[in-house]
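Structure data (mmCIF, C-alpha atoms and all ligand atoms) from run32.cif:
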```
data_entry
#
loop_
_atom_site.label_atom_id
_atom_site.label_comp_id
_atom_site.auth_asym_id
_atom_site.auth_seq_id
_atom_site.Cartn_x
_atom_site.Cartn_y
_atom_site.Cartn_z
CA MET A 1 75.29 40.71 5.32
CA LYS A 2 71.66 40.07 4.44
CA VAL A 3 71.00 37.61 1.66
CA SER A 4 68.84 40.19 -0.12
CA GLU A 5 71.76 42.62 -0.11
CA LEU A 6 74.14 39.97 -1.25
CA ARG A 7 71.83 39.11 -4.07
CA LYS A 8 71.33 42.68 -5.15
CA HIS A 9 74.92 43.69 -5.06
CA ALA A 10 76.64 40.53 -6.05
CA ALA A 11 74.36 39.82 -9.02
CA ILE A 12 73.44 36.37 -7.85
CA SER A 13 69.68 36.70 -7.98
CA ALA A 14 69.43 33.15 -9.17
CA VAL A 15 71.72 30.23 -9.51
CA ALA A 16 70.88 28.25 -12.51
CA VAL A 17 71.25 25.80 -15.30
CA PHE A 18 74.82 25.48 -16.35
CA VAL A 19 75.73 24.11 -19.73
CA GLY A 20 79.08 22.39 -19.63
CA ALA A 21 81.84 24.35 -21.25
CA GLY A 22 83.27 21.33 -23.00
CA VAL A 23 85.78 18.72 -22.04
CA ALA A 24 89.47 19.34 -21.78
CA ALA A 25 91.77 17.13 -23.72
CA ALA A 26 93.82 15.88 -20.80
CA GLN A 27 93.28 14.74 -17.24
CA GLU A 28 95.60 17.10 -15.43
CA LYS A 29 96.40 16.63 -11.74
CA ALA A 30 94.85 19.41 -9.66
CA ALA A 31 97.25 21.44 -7.50
CA PRO A 32 97.28 20.29 -3.84
CA THR A 33 94.68 22.03 -1.67
CA SER A 34 96.14 24.64 0.68
CA SER A 35 92.89 25.87 2.31
CA THR A 36 92.20 24.30 5.69
CA PRO A 37 88.73 23.05 6.76
CA GLU A 38 88.58 25.96 9.25
CA GLN A 39 89.29 28.46 6.47
CA MET A 40 86.59 26.89 4.27
CA VAL A 41 83.89 26.93 6.95
CA GLU A 42 84.82 30.48 7.98
CA ALA A 43 84.77 31.65 4.35
CA ILE A 44 81.23 30.21 4.03
CA ASN A 45 80.22 31.91 7.31
CA GLY A 46 81.61 35.16 5.87
CA VAL A 47 79.00 34.99 3.10
CA PHE A 48 75.95 33.85 5.07
CA GLY A 49 76.73 34.80 8.68
CA LYS A 50 76.67 32.36 11.58
CA HIS A 51 73.37 30.72 12.52
CA PRO A 52 74.02 28.59 15.62
CA GLY A 53 72.66 25.07 15.35
CA PHE A 54 72.41 25.12 11.55
CA ARG A 55 74.62 24.03 8.65
CA ALA A 56 76.97 26.75 7.32
CA VAL A 57 75.43 26.20 3.89
CA HIS A 58 72.29 24.29 2.86
CA ALA A 59 70.93 25.32 6.26
CA LYS A 60 67.21 24.78 5.54
CA GLY A 61 66.19 21.22 4.80
CA VAL A 62 63.84 18.33 5.31
CA VAL A 63 64.66 14.72 6.19
CA LEU A 64 62.83 11.73 4.72
CA GLU A 65 63.20 7.98 4.59
CA GLY A 66 63.02 5.35 1.90
CA VAL A 67 64.71 2.46 0.18
CA PHE A 68 67.26 2.05 -2.61
CA THR A 69 66.84 -0.94 -4.93
CA PRO A 70 69.86 -1.65 -7.15
CA ASN A 71 69.45 -2.32 -10.85
CA PRO A 72 71.09 -5.56 -12.16
CA ALA A 73 73.45 -3.43 -14.31
CA ALA A 74 74.91 -1.70 -11.23
CA ALA A 75 77.11 -4.67 -10.26
CA SER A 76 78.78 -4.52 -13.69
CA VAL A 77 80.45 -1.21 -12.72
CA SER A 78 81.04 -1.54 -8.98
CA LYS A 79 81.33 -4.27 -6.38
CA ALA A 80 79.92 -1.88 -3.72
CA VAL A 81 77.57 -3.81 -1.44
CA HIS A 82 74.55 -1.56 -2.02
CA LEU A 83 74.98 -1.91 -5.80
CA GLN A 84 74.48 -5.69 -5.81
CA LYS A 85 71.11 -7.41 -5.33
CA THR A 86 69.68 -6.40 -1.98
CA PRO A 87 67.61 -3.24 -1.40
CA VAL A 88 68.94 -1.03 1.43
CA PRO A 89 67.22 1.63 3.57
CA VAL A 90 68.15 5.24 2.83
CA THR A 91 67.90 8.52 4.74
CA ILE A 92 67.42 11.56 2.50
CA ARG A 93 67.82 15.28 3.14
CA PHE A 94 66.62 17.83 0.58
CA SER A 95 67.81 21.39 1.15
CA ASP A 96 68.01 25.00 -0.03
CA PHE A 97 71.46 26.31 -0.94
CA ALA A 98 71.95 29.30 1.35
CA GLY A 99 73.48 29.04 4.81
CA VAL A 100 70.41 30.86 6.14
CA PRO A 101 67.85 28.67 7.92
CA THR A 102 64.98 31.09 7.19
CA ILE A 103 65.69 31.53 3.47
CA PRO A 104 62.40 31.61 1.53
CA ASP A 105 62.21 28.73 -0.96
CA THR A 106 61.31 31.37 -3.55
CA ASP A 107 64.61 33.27 -3.10
CA GLY A 108 67.27 32.87 -5.79
CA MET A 109 69.71 31.86 -3.06
CA ALA A 110 67.59 28.78 -2.31
CA ARG A 111 69.04 27.19 -5.44
CA PRO A 112 70.76 24.97 -6.34
CA HIS A 113 68.81 22.64 -4.09
CA GLY A 114 70.65 19.87 -2.28
CA LEU A 115 70.10 16.13 -2.16
CA ALA A 116 72.01 14.19 0.52
CA ILE A 117 71.63 10.41 0.73
CA LYS A 118 72.77 7.99 3.41
CA PHE A 119 72.66 4.30 2.43
CA HIS A 120 72.36 2.01 5.48
CA LEU A 121 74.47 -0.98 4.48
CA PRO A 122 73.96 -4.59 5.53
CA GLY A 123 76.02 -5.19 8.66
CA GLY A 124 75.65 -1.64 9.99
CA GLY A 125 77.92 0.48 7.75
CA GLU A 126 76.94 3.61 5.87
CA THR A 127 77.86 5.26 2.60
CA ASP A 128 76.78 8.76 1.55
CA ILE A 129 76.29 10.90 -1.55
CA VAL A 130 75.90 14.70 -1.40
CA ALA A 131 74.60 16.21 -4.65
CA HIS A 132 72.90 19.39 -5.88
CA SER A 133 70.49 20.42 -8.63
CA PHE A 134 73.07 21.84 -10.98
CA ASN A 135 75.33 19.98 -13.38
CA GLY A 136 78.60 21.56 -12.35
CA PHE A 137 80.30 23.73 -9.75
CA PRO A 138 81.35 27.39 -10.11
CA VAL A 139 85.07 26.64 -9.74
CA ALA A 140 87.55 23.85 -10.34
CA THR A 141 89.23 23.51 -6.94
CA THR A 142 88.74 23.98 -3.21
CA ASP A 143 91.17 26.92 -3.11
CA GLU A 144 89.31 28.66 -5.92
CA PHE A 145 86.06 28.07 -4.03
CA ARG A 146 87.52 29.85 -1.01
CA ALA A 147 88.65 32.74 -3.23
CA LEU A 148 85.10 33.00 -4.61
CA LEU A 149 83.58 32.95 -1.11
CA LEU A 150 85.98 35.66 0.11
CA ALA A 151 85.19 37.79 -2.95
CA LEU A 152 81.46 37.37 -2.31
CA ALA A 153 81.79 38.34 1.34
CA ALA A 154 83.84 41.45 0.44
CA SER A 155 81.37 42.64 -2.23
CA GLY A 156 78.48 43.92 -0.14
CA PRO A 157 76.46 47.05 -0.77
CA ASP A 158 79.21 49.45 0.31
CA ALA A 159 82.06 47.86 -1.62
CA PRO A 160 83.59 50.23 -4.19
CA LYS A 161 83.26 49.21 -7.85
CA PRO A 162 84.65 47.11 -9.34
CA THR A 163 84.08 44.83 -6.37
CA PRO A 164 86.28 41.84 -5.54
CA LEU A 165 83.46 39.69 -6.94
CA ASP A 166 83.47 41.66 -10.22
CA ALA A 167 87.21 41.00 -10.45
CA PHE A 168 86.81 37.29 -9.65
CA LEU A 169 84.01 36.77 -12.16
CA GLY A 170 86.00 38.66 -14.78
CA THR A 171 88.61 35.92 -14.70
CA HIS A 172 86.26 32.97 -13.95
CA PRO A 173 83.59 32.85 -16.66
CA ILE A 174 82.18 29.50 -15.47
CA ALA A 175 81.57 30.96 -12.00
CA LYS A 176 79.83 33.91 -13.64
CA THR A 177 77.55 31.58 -15.58
CA PHE A 178 76.84 29.57 -12.43
CA LEU A 179 75.96 32.65 -10.39
CA THR A 180 74.02 34.75 -12.88
CA THR A 181 71.90 32.45 -15.06
CA PRO A 182 68.30 32.51 -13.79
CA LYS A 183 66.85 29.24 -12.59
CA PRO A 184 63.10 28.83 -12.18
CA LEU A 185 61.34 27.41 -9.13
CA PRO A 186 60.72 23.65 -9.21
CA VAL A 187 57.25 22.24 -8.58
CA SER A 188 58.83 20.04 -5.91
CA TYR A 189 62.17 18.85 -4.55
CA ALA A 190 61.05 15.64 -6.29
CA THR A 191 60.87 17.19 -9.77
CA LEU A 192 64.49 18.23 -10.24
CA PRO A 193 67.55 16.32 -11.44
CA TYR A 194 70.48 16.28 -9.02
CA TYR A 195 74.18 15.88 -9.83
CA GLY A 196 77.06 14.53 -7.74
CA VAL A 197 79.45 16.89 -9.59
CA ASN A 198 82.69 15.39 -8.17
CA SER A 199 84.12 12.24 -9.80
CA PHE A 200 84.49 8.80 -8.19
CA LYS A 201 86.42 5.71 -9.24
CA PHE A 202 84.27 2.58 -9.48
CA THR A 203 85.85 -0.90 -9.38
CA ASN A 204 83.83 -4.02 -10.22
CA ALA A 205 84.35 -7.61 -9.02
CA LYS A 206 86.69 -8.32 -11.94
CA GLY A 207 88.88 -5.31 -11.09
CA ASP A 208 87.69 -3.18 -14.04
CA VAL A 209 87.81 0.54 -13.29
CA ALA A 210 85.52 3.36 -14.46
CA TYR A 211 85.42 7.05 -13.49
CA VAL A 212 81.87 8.17 -12.82
CA ARG A 213 79.70 11.07 -11.72
CA TYR A 214 76.32 10.49 -10.10
CA GLN A 215 73.04 11.77 -11.50
CA PHE A 216 69.60 11.48 -9.87
CA LEU A 217 66.77 11.76 -12.35
CA PRO A 218 63.17 12.37 -11.20
CA ALA A 219 60.81 9.61 -12.37
CA GLY A 220 58.19 12.14 -13.48
CA GLY A 221 60.74 14.30 -15.32
CA THR A 222 61.82 17.85 -14.50
CA GLN A 223 58.83 20.02 -13.60
CA ILE A 224 59.15 23.78 -13.23
CA MET A 225 56.47 25.98 -11.68
CA PRO A 226 54.55 28.23 -14.10
CA ALA A 227 55.47 31.88 -13.52
CA ASP A 228 52.02 32.89 -12.19
CA GLN A 229 52.19 30.15 -9.52
CA ALA A 230 55.83 30.90 -8.73
CA ALA A 231 54.90 34.51 -7.96
CA LYS A 232 52.46 33.28 -5.29
CA ALA A 233 54.51 30.38 -3.91
CA ASP A 234 54.80 30.06 -0.13
CA ALA A 235 58.19 30.71 1.48
CA ASP A 236 58.19 27.13 2.83
CA TYR A 237 56.36 25.41 -0.04
CA LEU A 238 59.09 22.86 -0.80
CA GLY A 239 59.20 21.22 2.63
CA LYS A 240 55.41 21.17 2.92
CA GLU A 241 54.98 19.80 -0.61
CA ILE A 242 57.39 16.89 -0.24
CA ARG A 243 55.98 15.84 3.15
CA ASP A 244 52.51 15.82 1.62
CA ARG A 245 53.61 14.12 -1.61
CA VAL A 246 55.10 11.07 0.14
CA THR A 247 51.82 10.42 1.98
CA HIS A 248 50.19 9.80 -1.44
CA GLU A 249 52.89 7.98 -3.40
CA PRO A 250 56.60 7.24 -3.17
CA VAL A 251 58.96 9.80 -4.69
CA LYS A 252 61.19 7.99 -7.18
CA LEU A 253 64.64 9.06 -8.34
CA GLU A 254 66.73 7.00 -10.78
CA MET A 255 70.35 6.86 -9.64
CA VAL A 256 72.61 6.88 -12.68
CA ALA A 257 76.38 6.69 -13.18
CA GLN A 258 77.69 8.87 -15.99
CA ILE A 259 80.88 7.19 -17.25
CA ALA A 260 83.90 9.30 -18.20
CA LYS A 261 85.64 8.86 -21.51
CA SER A 262 89.38 9.12 -21.81
CA GLY A 263 90.26 12.82 -21.74
CA ASP A 264 87.31 13.91 -19.58
CA LYS A 265 88.24 16.10 -16.61
CA ILE A 266 88.17 13.97 -13.46
CA GLU A 267 89.52 16.60 -11.06
CA ASP A 268 87.56 19.64 -12.22
CA PRO A 269 83.90 19.72 -11.12
CA SER A 270 83.31 23.00 -12.98
CA ILE A 271 83.43 21.16 -16.31
CA ALA A 272 80.31 19.05 -16.90
CA TRP A 273 80.85 15.95 -19.01
CA PRO A 274 78.87 15.84 -22.26
CA ASP A 275 75.35 14.38 -22.15
CA SER A 276 76.45 11.92 -24.83
CA ARG A 277 78.56 9.98 -22.31
CA ARG A 278 77.44 6.40 -21.55
CA THR A 279 75.32 6.03 -18.45
CA VAL A 280 74.58 3.00 -16.28
CA ASP A 281 71.31 2.82 -14.37
CA LEU A 282 72.42 2.02 -10.82
CA GLY A 283 68.96 1.65 -9.29
CA THR A 284 65.91 3.42 -7.90
CA ILE A 285 65.52 5.50 -4.75
CA GLU A 286 61.96 5.38 -3.43
CA ILE A 287 61.23 7.93 -0.72
CA THR A 288 58.26 6.75 1.29
CA LYS A 289 57.88 8.95 4.37
CA ALA A 290 59.05 12.07 6.16
CA ALA A 291 61.19 11.64 9.28
CA ALA A 292 59.02 11.74 12.41
CA ASP A 293 61.05 14.69 13.75
CA SER A 294 62.86 16.24 10.80
CA ALA A 295 64.46 19.07 12.80
CA ALA A 296 66.01 16.65 15.29
CA ALA A 297 67.08 14.29 12.51
CA GLU A 298 68.88 16.92 10.45
CA LYS A 299 70.70 18.20 13.50
CA SER A 300 72.17 14.80 14.29
CA LEU A 301 72.78 13.75 10.67
CA LEU A 302 76.18 14.19 9.07
CA PHE A 303 76.40 13.39 5.35
CA LEU A 304 79.98 12.97 4.17
CA PRO A 305 80.81 13.26 0.45
CA GLY A 306 83.83 10.95 0.96
CA ALA A 307 82.05 8.23 3.00
CA VAL A 308 82.52 5.51 0.41
CA THR A 309 82.54 1.72 0.60
CA ALA A 310 84.71 -0.95 -1.09
CA GLY A 311 84.23 -0.67 -4.87
CA ILE A 312 84.02 3.14 -4.78
CA ASP A 313 86.88 5.63 -4.24
CA ALA A 314 87.07 9.41 -4.30
CA ALA A 315 88.76 10.54 -7.53
CA ASP A 316 88.51 14.35 -7.22
CA PRO A 317 90.58 15.98 -4.42
CA MET A 318 87.65 18.29 -3.64
CA ILE A 319 85.90 15.27 -2.11
CA ASP A 320 88.54 14.96 0.61
CA ALA A 321 88.41 18.70 1.27
CA ARG A 322 84.62 18.53 1.59
CA SER A 323 84.88 15.54 3.90
CA ALA A 324 87.19 17.49 6.19
CA ALA A 325 85.00 20.63 6.25
CA TYR A 326 81.63 18.93 6.85
CA PRO A 327 82.55 17.26 10.20
CA LEU A 328 84.13 20.49 11.42
CA ASP A 329 80.88 22.31 10.65
CA PHE A 330 78.95 19.46 12.28
CA SER A 331 80.94 19.91 15.50
CA ARG A 332 80.27 23.66 15.42
CA ARG A 333 76.52 23.23 14.90
CA ASN A 334 76.39 20.57 17.68
CA PRO A 335 78.69 22.12 20.31
C1 LIG A 401 85.37 22.54 -1.43
C2 LIG A 401 84.09 22.52 -1.72
C3 LIG A 401 82.98 22.50 -0.71
C4 LIG A 401 82.99 22.87 0.62
C5 LIG A 401 84.14 23.44 1.43
C6 LIG A 401 81.67 22.61 1.14
C7 LIG A 401 81.27 22.85 2.44
C8 LIG A 401 80.07 22.45 3.00
C9 LIG A 401 79.75 22.50 4.40
C10 LIG A 401 80.66 23.05 5.50
C11 LIG A 401 78.51 21.99 4.56
C12 LIG A 401 77.72 21.80 5.86
C13 LIG A 401 78.03 20.39 6.42
C14 LIG A 401 77.32 20.06 7.72
O1 LIG A 401 77.27 20.92 8.64
O2 LIG A 401 76.84 18.92 7.85
C15 LIG A 401 78.04 21.60 3.26
C16 LIG A 401 76.82 21.03 3.00
C17 LIG A 401 76.38 20.69 1.74
N1 LIG A 401 77.08 20.82 0.55
FE1 LIG A 401 78.97 21.43 0.35
N2 LIG A 401 80.89 22.09 0.14
C18 LIG A 401 81.64 22.00 -1.00
C19 LIG A 401 81.26 21.51 -2.22
C20 LIG A 401 80.01 21.06 -2.52
C21 LIG A 401 79.60 20.52 -3.80
C22 LIG A 401 80.52 20.29 -5.00
C23 LIG A 401 78.28 20.21 -3.68
C24 LIG A 401 77.35 19.60 -4.70
C25 LIG A 401 77.66 18.52 -5.39
C26 LIG A 401 77.86 20.52 -2.33
C27 LIG A 401 76.60 20.33 -1.81
C28 LIG A 401 76.28 20.39 -0.46
C29 LIG A 401 74.99 19.96 0.08
C30 LIG A 401 73.80 19.41 -0.70
C31 LIG A 401 75.08 20.14 1.46
C32 LIG A 401 74.02 19.80 2.50
C33 LIG A 401 74.29 18.37 3.02
C34 LIG A 401 73.26 17.93 4.05
O3 LIG A 401 72.05 17.91 3.72
O4 LIG A 401 73.67 17.57 5.18
N3 LIG A 401 78.94 21.04 -1.65
N4 LIG A 401 79.00 21.91 2.31
#
```
Entire entry expressed as structure tokens:
Amino acid sequence: MKVSELRKHAAISAVAVFVGAGVAAAQEKAAPTSSTPEQMVEAINGVFGKHPGFRAVHAKGVVLEGVFTPNPAAASVSKAVHLQKTPVPVTIRFSDFAGVPTIPDTDGMARPHGLAIKFHLPGGGETDIVAHSFNGFPVATTDEFRALLLALAASGPDAPKPTPLDAFLGTHPIAKTFLTTPKPLPVSYATLPYYGVNSFKFTNAKGDVAYVRYQFLPAGGTQIMPADQAAKADADYLGKEIRDRVTHEPVKLEMVAQIAKSGDKIEDPSIAWPDSRRTVDLGTIEITKAAADSAAAEKSLLFLPGAVTAGIDAADPMIDARSAAYPLDFSRRNP
């Protein structure tokens, strides 16, 4: 199915700003995941088709390099090695949402944009974060995500009304909001906030525990393209812009931990936590140059949402499901 058809018939012309639907009173345990990594990757392929050599989703991207410098406050929430004193090198990949490597950056399916970060730890280890430019996820669990993907794939131009997607969205209002709210084009990959969406457990040197979600805030604030410029924007403007931008000045993103309060949903990434929650400034990412060969770099890079280090643990079961699906997709795109 062509993305344009999908967009037209599935009413997902733009994926956009989601306002959290509030916080549930209790932290309920999510049901165990029954979908296998194979089923998840195939369900994604069912929506976007197979494009050998490329990621099943977030297929179009650009790889850059930089450094992360921790803020002194970071050690108060986690003993993780990169959150102490020493700056560490980072590899960054910005991306467009669709699993279509030729998606125009101007297409609604290019958003939410992705931000993947690999921290190169002292001693040779790595830890990753995989985030996107939307504060939330369309569904609460991995199994619901598969159901949404299957509904999308079965709701092409020829599907009788109401389509499976109509039925799904009728019972999943948050997914409907996620899929249908328009989201304007950013000036740059560097002028959007990004959100980790899934929750992690932080442990500091004293053994204190906090549940957190990552946020990445652009130093120059959020900047959206005026409509007249957006109408003329190049299909590949985002990759070109960020490569050019880093030759003039570093791109800076503040990495922030949003701290859950008792009662906040830990295991449901579709519910954003309120903006009033306490945040801790973890440090600054400075992106200083594009990878010499971005295409080769992104092929060999695997970012794993569950690649944590001591002082950080996955707290949302979706993280484990993601960390099983991503390597499977990696092996398929690097046969
Ligand atoms: C159960 C839920 C999810 C599944 C099954 C899933 C699946 C995948 C797969 C198969 C890939 C390609 C991996 C590769 O070939 O390297 C991918 C990439 C990606 N996903 Fe997810 N995903 C899920 C949830 C999420 C969430 C919650 C976010 C946002 C916070 C997200 C953001 C991304 C991004 C940004 C990439 C590109 C990473 C890169 O640049 O290498 N995904 N996802």
CA of Leu64 (chain A) sits from CA of Arg213 (chain A) at a separation of 23.6 Å
From the list A:Glu126, A:Asp208, A:Asp320, A:Asp228, the nearest residue to ligand LIG 401 (chain A) using all atoms listed in the file is A:Asp320
Within 6 Å of ligand LIG 401 (chain A) (counting only C-alpha atoms and all ligand atoms), which residues show up? I'd like them as number ranges by chain.
A: 40-41, 55-58, 93, 114-116, 130-132, 137, 142, 196-197, 302-303, 318, 321-322, 325-326, 329-330
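Distance check against Tyr189 (chain A) using all atoms listed in the file: of A:Lys161, A:Lys265, A:His120, A:Arg111, the minimum falls on A:Arg111.
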Which is closest to Ala98 (chain A) among A:Pro112, A:Gly156, A:Pro32, A:Pro52, if we use only C-alpha atoms?
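With only C-alpha atoms as the atom set, the closest residue is A:Pro112.
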Given the choices A:Pro184, A:Gly207, A:Pro193, A:Gly46, which gets closest to Met109 (chain A) if the distance is worked out from all atoms listed in the file?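 Comparing A:Pro184, A:Gly207, A:Pro193, A:Gly46 against Met109 (chain A), the winner is A:Pro184.
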Using only C-alpha atoms, the residue out of A:Ala167, A:Val77, A:Ile103, A:Val62 with shortest distance to Gln258 (chain A) is A:Val77
Q) How many Å separate CA of Ser270 (chain A) from CA of His172 (chain A)? A)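 Those two atoms sit 10.4 Å apart.
In this model, the gap between CA of Ile259 (chain A) and CA of Val280 (chain A) comes to 7.6 Å.
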Next item on the list: Would you mind telling me which residue in A:Ala230, A:Leu192, A:Ile242, A:Ile285 lies nearest to Pro89 (chain A) when using only C-alpha atoms?
Entry: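 Smallest distance to Pro89 (chain A) is found for A:Ile285.
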Using only C-alpha atoms, which protein or nucleic acid residues come within 7 Å of Val47 (chain A)? Drop anything in the same chain fewer than 6 positions from it, and give the result as an MDAnalysis selection string. chainID A and resid 149 152:153
Set the distance at 10 Å and use all atoms listed in the file: which residues neighbour Lys206 (chain A) once local chain neighbours fewer than 6 positions away are removed? I'd like the list as a PyMOL selection string. chain A and resi 76-79
Write out as a tab-separated table a residue-level contact list of region 117-159 of chain A versus region 305-313 of chain A with cut-off 7 Å: for each qualifying residue the closest pair of atoms and the distance in Å to one decimal, counting all atoms listed in the file, rows sorted by chain and residue number upward.
```
residue	atom	partner	partner_atom	distance
A:Thr127	CA	A:Ala307	CA	5.2
A:Asp128	CA	A:Ala307	CA	5.5
A:Ile129	CA	A:Pro305	CA	5.5
A:Val130	CA	A:Pro305	CA	5.4
```
